[in-house]
Structure formats: structure tokens, C-alpha cells
$ cat run-v7.txt   # compact mmCIF, C-alpha atoms
# COMPACT_ATOMS: atom_id res chain seq x y z
CA MET M 1 -23.69 8.11 -0.46
CA GLY M 2 -21.31 7.03 2.25
CA SER M 3 -17.57 6.71 2.41
CA ARG M 4 -15.07 4.75 4.46
CA LEU M 5 -11.36 4.18 4.71
CA ALA M 6 -10.29 0.69 3.64
CA VAL M 7 -7.45 -1.41 2.38
CA ILE M 8 -8.42 -1.98 -1.24
CA ILE M 9 -7.14 -5.06 -3.03
CA VAL M 10 -7.61 -5.59 -6.77
CA ALA M 11 -6.82 -9.03 -8.18
CA ASP M 12 -6.80 -10.13 -11.81
CA ILE M 13 -5.96 -13.40 -13.58
CA VAL M 14 -2.73 -13.26 -15.59
CA GLY M 15 -3.19 -14.16 -19.27
CA TYR M 16 -6.98 -14.43 -19.07
CA SER M 17 -7.67 -13.06 -22.57
CA GLY M 18 -5.27 -15.56 -24.14
CA MET M 19 -6.71 -18.36 -22.02
CA MET M 20 -10.21 -17.52 -23.26
CA ALA M 21 -9.05 -17.27 -26.87
CA ARG M 22 -7.43 -20.73 -26.69
CA ASP M 23 -10.20 -22.55 -24.81
CA GLU M 24 -13.16 -20.57 -23.53
CA LYS M 25 -14.67 -23.47 -21.59
CA SER M 26 -11.40 -24.08 -19.75
CA GLY M 27 -10.97 -20.33 -19.13
CA ILE M 28 -14.39 -20.06 -17.52
CA ALA M 29 -13.68 -23.16 -15.40
CA THR M 30 -10.39 -21.59 -14.24
CA VAL M 31 -12.13 -18.38 -13.15
CA LYS M 32 -14.79 -20.34 -11.28
CA GLU M 33 -12.22 -22.55 -9.58
CA ILE M 34 -10.09 -19.59 -8.45
CA ASN M 35 -13.18 -17.75 -7.24
CA ASP M 36 -14.97 -20.63 -5.51
CA ALA M 37 -12.07 -22.73 -4.18
CA LYS M 38 -9.46 -20.09 -3.39
CA LEU M 39 -10.38 -16.42 -3.45
CA VAL M 40 -13.81 -16.36 -1.77
CA PRO M 41 -13.00 -18.76 1.10
CA ILE M 42 -9.63 -17.10 1.80
CA CYS M 43 -11.14 -13.59 1.70
CA ASP M 44 -13.97 -14.69 4.01
CA ARG M 45 -11.47 -16.16 6.47
CA HIS M 46 -9.56 -12.85 6.58
CA GLY M 47 -12.64 -10.61 6.78
CA GLY M 48 -12.51 -9.34 3.20
CA GLU M 49 -15.58 -7.95 1.48
CA ILE M 50 -15.77 -8.63 -2.25
CA LEU M 51 -17.10 -5.34 -3.57
CA LYS M 52 -17.22 -6.33 -7.21
CA ARG M 53 -16.33 -9.17 -9.51
CA LEU M 54 -15.30 -8.26 -13.05
CA GLY M 55 -15.06 -11.51 -15.05
CA ASP M 56 -11.45 -12.42 -14.25
CA GLY M 57 -10.98 -9.70 -11.64
CA TRP M 58 -12.06 -8.80 -8.13
CA ILE M 59 -12.19 -5.65 -6.02
CA ILE M 60 -11.97 -6.49 -2.32
CA ALA M 61 -12.05 -4.25 0.77
CA PHE M 62 -10.62 -4.92 4.20
CA GLY M 63 -10.86 -3.05 7.48
CA SER M 64 -7.41 -4.31 8.53
CA ILE M 65 -4.05 -3.90 6.85
CA MET M 66 -2.69 -7.15 8.28
CA ALA M 67 -5.79 -9.09 7.20
CA ALA M 68 -5.60 -7.69 3.65
CA LEU M 69 -1.94 -8.54 3.15
CA GLU M 70 -2.20 -11.93 4.84
CA CYS M 71 -5.14 -12.70 2.54
CA ALA M 72 -3.29 -11.56 -0.60
CA THR M 73 -0.21 -13.54 0.41
CA GLU M 74 -2.24 -16.68 1.15
CA ILE M 75 -4.05 -16.49 -2.18
CA GLN M 76 -0.76 -16.14 -4.06
CA SER M 77 0.79 -18.95 -2.03
CA LYS M 78 -2.08 -21.35 -2.82
CA LEU M 79 -1.99 -20.46 -6.52
CA ALA M 80 1.81 -20.84 -6.71
CA LYS M 81 1.24 -24.59 -6.71
CA GLN M 82 -0.66 -24.18 -10.00
CA PRO M 83 1.68 -22.35 -12.40
CA MET M 84 -0.96 -21.89 -15.10
CA LYS M 85 -3.23 -20.05 -12.64
CA LYS M 86 -1.61 -16.82 -11.53
CA LEU M 87 -3.00 -13.56 -10.24
CA ARG M 88 -1.60 -10.07 -10.12
CA ILE M 89 -2.66 -8.25 -6.96
CA GLY M 90 -2.54 -4.51 -6.30
CA GLY M 91 -3.23 -2.83 -2.98
CA HIS M 92 -3.80 0.66 -1.62
CA LEU M 93 -5.04 2.29 1.57
CA GLY M 94 -7.72 4.75 0.54
CA GLU M 95 -11.26 5.93 0.72
CA ILE M 96 -14.18 4.12 -0.88
CA THR M 97 -17.39 5.98 -1.67
CA GLU M 98 -20.48 3.87 -2.18
CA ASP M 99 -24.13 4.22 -2.98
CA GLU M 100 -26.79 1.55 -3.31
CA ASP M 101 -25.47 0.41 -6.70
CA GLU M 102 -21.74 0.99 -6.99
CA PHE M 103 -18.36 1.67 -5.38
CA TYR M 104 -16.21 4.65 -6.38
CA GLY M 105 -13.00 6.37 -5.48
CA THR M 106 -9.48 7.24 -6.40
CA GLY M 107 -8.34 4.52 -3.99
CA ILE M 108 -10.00 1.85 -6.13
CA ASN M 109 -8.50 3.32 -9.30
CA LEU M 110 -5.04 3.43 -7.76
CA ALA M 111 -5.25 -0.18 -6.52
CA ALA M 112 -6.30 -1.25 -10.04
CA ARG M 113 -3.36 0.57 -11.66
CA LEU M 114 -0.96 -1.00 -9.16
CA GLU M 115 -2.42 -4.43 -9.91
CA ALA M 116 -1.44 -3.96 -13.56
CA GLU M 117 2.15 -3.30 -12.45
CA ALA M 118 2.36 -6.33 -10.13
CA PRO M 119 4.45 -9.28 -11.21
CA PRO M 120 2.55 -12.46 -12.13
CA GLY M 121 1.98 -14.29 -8.86
CA GLY M 122 3.00 -11.18 -6.92
CA ILE M 123 1.63 -8.17 -5.10
CA MET M 124 2.25 -4.45 -5.74
CA ILE M 125 1.18 -1.96 -3.06
CA SER M 126 1.25 1.81 -2.78
CA GLN M 127 3.60 3.76 -0.55
CA ASP M 128 0.54 4.81 1.50
CA LEU M 129 -0.11 1.18 2.36
CA PHE M 130 3.57 0.28 2.73
CA ARG M 131 4.08 3.01 5.35
CA GLN M 132 1.60 1.25 7.60
CA LEU M 133 3.61 -2.00 7.65
CA SER M 134 6.00 -2.98 10.37
CA GLY M 135 9.05 -5.19 10.70
CA SER M 136 8.82 -8.58 9.04
CA LEU M 137 5.84 -7.69 6.88
CA ALA M 138 7.55 -4.58 5.47
CA ALA M 139 10.70 -6.63 4.84
CA GLN M 140 8.77 -8.83 2.38
CA PHE M 141 8.34 -5.87 0.01
CA GLU M 142 10.87 -4.17 -2.24
CA SER M 143 10.59 -0.74 -3.83
CA ALA M 144 9.74 -0.60 -7.52
CA GLY M 145 10.54 3.13 -7.55
CA LEU M 146 8.20 5.93 -8.55
CA LEU M 147 5.70 4.78 -11.17
CA GLU M 148 3.66 6.86 -13.58
CA LEU M 149 0.30 5.12 -13.61
CA LYS M 150 -2.36 5.57 -16.28
CA ASN M 151 -4.80 8.39 -15.41
CA ILE M 152 -3.22 8.95 -11.97
CA PRO M 153 -1.91 12.54 -11.97
CA ASP M 154 1.04 12.12 -9.58
CA PRO M 155 3.73 9.44 -9.57
CA VAL M 156 3.26 6.70 -6.97
CA GLU M 157 6.01 4.70 -5.33
CA GLY M 158 5.18 1.02 -5.60
CA PHE M 159 6.39 -1.80 -3.37
CA PHE M 160 6.24 -5.40 -4.57
CA THR M 161 6.64 -9.04 -3.68
CA GLY M 162 7.38 -11.63 -6.34
CA ARG M 163 9.62 -11.40 -9.36
CA LEU M 164 9.32 -8.01 -11.02
CA ARG M 165 10.45 -7.91 -14.61
CA GLN M 166 10.97 -4.60 -16.32
CA ARG M 167 7.96 -4.19 -18.58
CA SER M 168 8.39 -2.03 -21.64
CA HIS M 169 5.40 0.20 -20.85
CA ARG M 170 6.37 0.83 -17.22
CA LYS M 171 7.48 4.38 -16.70
CA ARG M 172 9.83 4.43 -13.78
CA ILE M 173 10.78 7.99 -13.06
CA SER M 174 13.21 7.57 -10.21
CA ALA M 175 15.40 5.10 -8.43
CA PRO M 176 13.78 3.26 -5.54
CA SER M 177 13.81 5.00 -2.18
CA SER M 178 15.88 3.55 0.61
CA SER M 179 12.65 2.26 2.22
CA TRP M 180 10.95 5.27 3.78

$ encode --input "run-v7.txt" --output "C-alpha cells"
Amino acid sequence: MGSRLAVIIVADIVGYSGMMARDEKSGIATVKEINDAKLVPICDRHGGEILKRLGDGWIIAFGSIMAALECATEIQSKLAKQPMKKLRIGGHLGEITEDEDEFYGTGINLAARLEAEAPPGGIMISQDLFRQLSGSLAAQFESAGLLELKNIPDPVEGFFTGRLRQRSHRKRISAPSSSW
């Protein structure tokens, strides 16, 4: 088993279960279109490595913070033109452990939990990743405050782009920080 530090991005299609319940054929076509026409080519262009595809979701690793966030932003920008096709994207800077069959790590789990908190069409990143940003890139994100995330023992401050609506299950345990 080996491990490496990476920017981990988790993306998931908003409303996928409902889409499949209404029209499975159309749902499958949507996933394929997002994967083949948007996500894969954009990730390739930014040096992303798709670690795993999970039906309507993807786990992607990057060696560069700028590349990861530029990729996530470009994907969301391209999909914004198609309002029925939205992703939630979560990101974290953490360690990935891998063997010949699978990828593991708290970093992947944390990115996945942040993805669930992201606004539709938006991005939610951890404070660990946010602290690495500078100037104009950091200014694109706003604090969501400390979040209690499922099966993550300590609260995590999230930073988001997009329109964040208060969701009833979100447990916000403090006011947002001033920025750092």
C-alpha cells in the first residue's frame, strides 16, 4: 500500500435518484453525457486523475490546488448552461492510501461529506484546502461556518461558492470565521 497527498474532489449529480425514478433511460444518458462530454475531458485538461466512478458520482485526485479548483469551477460553469444537469462538488486537501484494488482515506471521506453540503451547482471545500488559496481565488469562497459532518469526529469549517441554502439537516455549530 502506498499513500500520497492530493487535492481530492468528489462530484455528484444533484437529483439523480429522482431523475432515474422518472425516466431511467434519460437518467443514464445524462450521466454518460456529463461524464464523456464534460467531466472527463475537463479533468484530463487540468491533470485530474479519476480514482473511482460511482454511478452518478466521481472521486478525482489532483497534484495541484489551482488545477483542482480551476477544474471544479470549469465543470460547474459548463453545466450552469444546462439547469437540469447540476453537480455538487466537495474538496479537501488530504492523504490518499491506495493498493492495487482500491483508494482509502479520511481525506476521501471528508471530501464526500463536504460534497453533500455543497449547494447545487456549487463547490464546498474544507478549511485545510481553503488555507492554501491566495487572493482572488480565496475571494470566490465564503465561509459556511463549522459543520458537523456525518461520521467525521470533529467539526469542519466549510467554504463554498454558489448559492447556499440552509438545509434542515445541516448542523452549523458556530458563526462563520472572519476568513482565517

$ closest_atom_pairs --input "run-v7.txt" --of "segment 117-172 of chain M" --to "segment 85-91 of chain M" --cutoff "12 Å" --atoms "all atoms listed in the file" --output "tab-separated table"
residue	atom	partner	partner_atom	distance
M:Glu117	CA	M:Gly90	CA	7.8
M:Ala118	CA	M:Arg88	CA	5.4
M:Pro119	CA	M:Arg88	CA	6.2
M:Pro120	CA	M:Arg88	CA	5.2
M:Gly121	CA	M:Lys86	CA	5.1
M:Gly122	CA	M:Arg88	CA	5.7
M:Ile123	CA	M:Ile89	CA	4.7
M:Met124	CA	M:Gly90	CA	4.8
M:Ile125	CA	M:Gly91	CA	4.5
M:Ser126	CA	M:Gly91	CA	6.5
M:Gln127	CA	M:Gly91	CA	9.8
M:Asp128	CA	M:Gly91	CA	9.6
M:Leu129	CA	M:Gly91	CA	7.4
M:Phe130	CA	M:Gly91	CA	9.4
M:Gly158	CA	M:Gly90	CA	9.5
M:Phe159	CA	M:Gly91	CA	9.7
M:Phe160	CA	M:Gly90	CA	9.0
M:Thr161	CA	M:Ile89	CA	9.9
M:Gly162	CA	M:Arg88	CA	9.9
M:Arg163	CA	M:Arg88	CA	11.3
M:Leu164	CA	M:Arg88	CA	11.1

$ write_last_selection --input "run-v7.txt" --atoms "C-alpha atoms" --output "mmCIF file, in the coordinates of the input"
data_model
loop_
_atom_site.group_PDB
_atom_site.id
_atom_site.type_symbol
_atom_site.label_atom_id
_atom_site.label_comp_id
_atom_site.auth_asym_id
_atom_site.auth_seq_id
_atom_site.Cartn_x
_atom_site.Cartn_y
_atom_site.Cartn_z
ATOM 1 C CA GLU M 117 2.150 -3.300 -12.450
ATOM 2 C CA ALA M 118 2.360 -6.330 -10.130
ATOM 3 C CA PRO M 119 4.450 -9.280 -11.210
ATOM 4 C CA PRO M 120 2.550 -12.460 -12.130
ATOM 5 C CA GLY M 121 1.980 -14.290 -8.860
ATOM 6 C CA GLY M 122 3.000 -11.180 -6.920
ATOM 7 C CA ILE M 123 1.630 -8.170 -5.100
ATOM 8 C CA MET M 124 2.250 -4.450 -5.740
ATOM 9 C CA ILE M 125 1.180 -1.960 -3.060
ATOM 10 C CA SER M 126 1.250 1.810 -2.780
ATOM 11 C CA GLN M 127 3.600 3.760 -0.550
ATOM 12 C CA ASP M 128 0.540 4.810 1.500
ATOM 13 C CA LEU M 129 -0.110 1.180 2.360
ATOM 14 C CA PHE M 130 3.570 0.280 2.730
ATOM 15 C CA GLY M 158 5.180 1.020 -5.600
ATOM 16 C CA PHE M 159 6.390 -1.800 -3.370
ATOM 17 C CA PHE M 160 6.240 -5.400 -4.570
ATOM 18 C CA THR M 161 6.640 -9.040 -3.680
ATOM 19 C CA GLY M 162 7.380 -11.630 -6.340
ATOM 20 C CA ARG M 163 9.620 -11.400 -9.360
ATOM 21 C CA LEU M 164 9.320 -8.010 -11.020
#

$ atom_distance --input "run-v7.txt" --atom1 "atom CA of Arg113 of chain M" --atom2 "atom CA of Leu149 of chain M"
6.2 Å

$ closest_residue --input "run-v7.txt" --among "M:Ser134, M:Asn109, M:Thr30, M:Ser64" --to "Gln82 of chain M" --atoms "all atoms listed in the file"
M:Thr30

$ residues_around --input "run-v7.txt" --residues "Ser136 of chain M" --least-positions-apart "4" --cutoff "12 Å" --atoms "all atoms listed in the file" --output "NGL selection string"
:M and (66 or 140-141)

$ write_last_selection --input "run-v7.txt" --atoms "C-alpha atoms" --output "short mmCIF file (atom, residue, chain, number, x, y, z; two decimals), in the coordinates of the input"
data_model
loop_
_atom_site.label_atom_id
_atom_site.label_comp_id
_atom_site.auth_asym_id
_atom_site.auth_seq_id
_atom_site.Cartn_x
_atom_site.Cartn_y
_atom_site.Cartn_z
CA MET M 66 -2.69 -7.15 8.28
CA GLN M 140 8.77 -8.83 2.38
CA PHE M 141 8.34 -5.87 0.01
#

$ residues_around --input "run-v7.txt" --residues "Pro83 of chain M" --least-positions-apart "5" --cutoff "12 Å" --atoms "only C-alpha atoms" --output "list in words"
Ile13, Val14, Gly15, Gln76, Ser77, Lys78, Pro120 and Gly121 of chain M

$ atom_distance --input "run-v7.txt" --atom1 "atom CA of Glu33 of chain M" --atom2 "atom CA of Ala72 of chain M"
16.8 Å

$ atom_distance --input "run-v7.txt" --atom1 "atom CA of Leu69 of chain M" --atom2 "atom CA of Ile152 of chain M"
23.2 Å

$ closest_residue --input "run-v7.txt" --among "M:Ser143, M:Thr106, M:Thr73, M:Asn35" --to "Leu5 of chain M" --atoms "only C-alpha atoms"
M:Thr106

$ residues_around --input "run-v7.txt" --residues "Gly2 of chain M" --least-positions-apart "6" --cutoff "7 Å" --atoms "only C-alpha atoms" --output "PDB file with C-alpha atoms, in the coordinates of the input"
ATOM      1  CA  THR M  97     -17.390   5.980  -1.670  1.00  0.00           C
ATOM      2  CA  GLU M  98     -20.480   3.870  -2.180  1.00  0.00           C
ATOM      3  CA  ASP M  99     -24.130   4.220  -2.980  1.00  0.00           C
TER       4      ASP M  99
END

$ closest_residue --input "run-v7.txt" --among "M:Ala11, M:Ala61, M:Met19, M:Met1" --to "Ala116 of chain M" --atoms "only C-alpha atoms"
M:Ala11

$ residues_around --input "run-v7.txt" --residues "Glu157 of chain M" --least-positions-apart "3" --cutoff "6 Å" --atoms "all atoms listed in the file" --output "list in words"
Gln127, Gly145, Leu146 and Leu147 of chain M

$ residues_around --input "run-v7.txt" --residues "Arg53 of chain M" --least-positions-apart "2" --cutoff "10 Å" --atoms "only C-alpha atoms" --output "list in words"
Val10, Ala11, Asp12, Asn35, Ile50, Leu51, Gly55, Asp56, Gly57, Trp58, Ile59 and Ile60 of chain M

$ closest_residue --input "run-v7.txt" --among "M:Lys32, M:Lys25, M:His92, M:Lys38" --to "Ile9 of chain M" --atoms "only C-alpha atoms"
M:His92

$ axis_aligned_box --input "run-v7.txt" --around "segment 148-152 of chain M" --padding-each-side "4 Å" --output "AutoDock Vina command-line options"
--center_x -0.6 --center_y 7.0 --center_z -14.1 --size_x 16.5 --size_y 11.8 --size_z 12.3

$ build_atoms --input "run-v7.txt" --residues "segment 20-31 of chain M" --atoms "all heavy atoms" --output "PDB file, in the coordinates of the input"
ATOM      1  N   MET M  20      -8.868 -17.462 -22.682  1.00  0.00           N
ATOM      2  CA  MET M  20     -10.210 -17.520 -23.260  1.00  0.00           C
ATOM      3  C   MET M  20     -10.160 -17.726 -24.770  1.00  0.00           C
ATOM      4  O   MET M  20     -10.993 -18.440 -25.326  1.00  0.00           O
ATOM      5  CB  MET M  20     -10.993 -16.246 -22.926  1.00  0.00           C
ATOM      6  CG  MET M  20     -11.359 -16.130 -21.450  1.00  0.00           C
ATOM      7  SD  MET M  20     -12.492 -17.414 -20.895  1.00  0.00           S
ATOM      8  CE  MET M  20     -14.020 -16.815 -21.590  1.00  0.00           C
ATOM      9  N   ALA M  21      -9.176 -17.110 -25.419  1.00  0.00           N
ATOM     10  CA  ALA M  21      -9.050 -17.270 -26.870  1.00  0.00           C
ATOM     11  C   ALA M  21      -8.681 -18.713 -27.241  1.00  0.00           C
ATOM     12  O   ALA M  21      -9.148 -19.228 -28.251  1.00  0.00           O
ATOM     13  CB  ALA M  21      -7.997 -16.302 -27.411  1.00  0.00           C
ATOM     14  N   ARG M  22      -7.857 -19.354 -26.408  1.00  0.00           N
ATOM     15  CA  ARG M  22      -7.430 -20.730 -26.690  1.00  0.00           C
ATOM     16  C   ARG M  22      -8.525 -21.747 -26.379  1.00  0.00           C
ATOM     17  O   ARG M  22      -8.728 -22.692 -27.126  1.00  0.00           O
ATOM     18  CB  ARG M  22      -6.184 -21.077 -25.885  1.00  0.00           C
ATOM     19  CG  ARG M  22      -4.913 -20.452 -26.417  1.00  0.00           C
ATOM     20  CD  ARG M  22      -3.671 -20.941 -25.690  1.00  0.00           C
ATOM     21  NE  ARG M  22      -3.692 -20.696 -24.255  1.00  0.00           N
ATOM     22  CZ  ARG M  22      -3.393 -19.546 -23.665  1.00  0.00           C
ATOM     23  NH1 ARG M  22      -3.061 -18.512 -24.415  1.00  0.00           N
ATOM     24  NH2 ARG M  22      -3.412 -19.425 -22.359  1.00  0.00           N
ATOM     25  N   ASP M  23      -9.206 -21.554 -25.247  1.00  0.00           N
ATOM     26  CA  ASP M  23     -10.200 -22.550 -24.810  1.00  0.00           C
ATOM     27  C   ASP M  23     -11.146 -21.886 -23.819  1.00  0.00           C
ATOM     28  O   ASP M  23     -10.895 -21.857 -22.612  1.00  0.00           O
ATOM     29  CB  ASP M  23      -9.486 -23.747 -24.168  1.00  0.00           C
ATOM     30  CG  ASP M  23     -10.433 -24.860 -23.747  1.00  0.00           C
ATOM     31  OD1 ASP M  23     -11.665 -24.680 -23.809  1.00  0.00           O
ATOM     32  OD2 ASP M  23      -9.927 -25.919 -23.332  1.00  0.00           O
ATOM     33  N   GLU M  24     -12.227 -21.341 -24.349  1.00  0.00           N
ATOM     34  CA  GLU M  24     -13.160 -20.570 -23.530  1.00  0.00           C
ATOM     35  C   GLU M  24     -13.739 -21.388 -22.365  1.00  0.00           C
ATOM     36  O   GLU M  24     -13.844 -20.909 -21.250  1.00  0.00           O
ATOM     37  CB  GLU M  24     -14.296 -20.035 -24.411  1.00  0.00           C
ATOM     38  CG  GLU M  24     -15.151 -19.023 -23.701  1.00  0.00           C
ATOM     39  CD  GLU M  24     -16.102 -18.331 -24.644  1.00  0.00           C
ATOM     40  OE1 GLU M  24     -15.642 -17.510 -25.465  1.00  0.00           O
ATOM     41  OE2 GLU M  24     -17.312 -18.621 -24.550  1.00  0.00           O
ATOM     42  N   LYS M  25     -14.094 -22.615 -22.631  1.00  0.00           N
ATOM     43  CA  LYS M  25     -14.670 -23.470 -21.590  1.00  0.00           C
ATOM     44  C   LYS M  25     -13.689 -23.650 -20.428  1.00  0.00           C
ATOM     45  O   LYS M  25     -14.054 -23.540 -19.261  1.00  0.00           O
ATOM     46  CB  LYS M  25     -15.078 -24.819 -22.173  1.00  0.00           C
ATOM     47  CG  LYS M  25     -15.848 -25.694 -21.235  1.00  0.00           C
ATOM     48  CD  LYS M  25     -16.307 -26.968 -21.936  1.00  0.00           C
ATOM     49  CE  LYS M  25     -17.068 -27.865 -20.979  1.00  0.00           C
ATOM     50  NZ  LYS M  25     -17.506 -29.102 -21.620  1.00  0.00           N
ATOM     51  N   SER M  26     -12.442 -23.917 -20.767  1.00  0.00           N
ATOM     52  CA  SER M  26     -11.400 -24.080 -19.750  1.00  0.00           C
ATOM     53  C   SER M  26     -11.144 -22.761 -19.015  1.00  0.00           C
ATOM     54  O   SER M  26     -10.920 -22.746 -17.804  1.00  0.00           O
ATOM     55  CB  SER M  26     -10.114 -24.583 -20.396  1.00  0.00           C
ATOM     56  OG  SER M  26      -9.091 -24.657 -19.462  1.00  0.00           O
ATOM     57  N   GLY M  27     -11.164 -21.652 -19.741  1.00  0.00           N
ATOM     58  CA  GLY M  27     -10.970 -20.330 -19.130  1.00  0.00           C
ATOM     59  C   GLY M  27     -12.033 -20.019 -18.104  1.00  0.00           C
ATOM     60  O   GLY M  27     -11.740 -19.541 -16.993  1.00  0.00           O
ATOM     61  N   ILE M  28     -13.280 -20.293 -18.452  1.00  0.00           N
ATOM     62  CA  ILE M  28     -14.390 -20.060 -17.520  1.00  0.00           C
ATOM     63  C   ILE M  28     -14.251 -20.965 -16.297  1.00  0.00           C
ATOM     64  O   ILE M  28     -14.443 -20.528 -15.154  1.00  0.00           O
ATOM     65  CB  ILE M  28     -15.740 -20.267 -18.224  1.00  0.00           C
ATOM     66  CG1 ILE M  28     -15.946 -19.161 -19.266  1.00  0.00           C
ATOM     67  CG2 ILE M  28     -16.892 -20.308 -17.223  1.00  0.00           C
ATOM     68  CD1 ILE M  28     -17.099 -19.396 -20.226  1.00  0.00           C
ATOM     69  N   ALA M  29     -13.869 -22.217 -16.518  1.00  0.00           N
ATOM     70  CA  ALA M  29     -13.680 -23.160 -15.400  1.00  0.00           C
ATOM     71  C   ALA M  29     -12.563 -22.673 -14.475  1.00  0.00           C
ATOM     72  O   ALA M  29     -12.671 -22.799 -13.249  1.00  0.00           O
ATOM     73  CB  ALA M  29     -13.373 -24.552 -15.937  1.00  0.00           C
ATOM     74  N   THR M  30     -11.499 -22.109 -15.045  1.00  0.00           N
ATOM     75  CA  THR M  30     -10.390 -21.590 -14.240  1.00  0.00           C
ATOM     76  C   THR M  30     -10.863 -20.440 -13.356  1.00  0.00           C
ATOM     77  O   THR M  30     -10.548 -20.391 -12.163  1.00  0.00           O
ATOM     78  CB  THR M  30      -9.228 -21.138 -15.143  1.00  0.00           C
ATOM     79  OG1 THR M  30      -8.717 -22.285 -15.824  1.00  0.00           O
ATOM     80  CG2 THR M  30      -8.123 -20.480 -14.350  1.00  0.00           C
ATOM     81  N   VAL M  31     -11.608 -19.509 -13.929  1.00  0.00           N
ATOM     82  CA  VAL M  31     -12.130 -18.380 -13.150  1.00  0.00           C
ATOM     83  C   VAL M  31     -13.005 -18.884 -12.011  1.00  0.00           C
ATOM     84  O   VAL M  31     -12.866 -18.449 -10.861  1.00  0.00           O
ATOM     85  CB  VAL M  31     -12.922 -17.398 -14.043  1.00  0.00           C
ATOM     86  CG1 VAL M  31     -13.639 -16.353 -13.202  1.00  0.00           C
ATOM     87  CG2 VAL M  31     -12.010 -16.722 -15.047  1.00  0.00           C
TER      88      VAL M  31
END
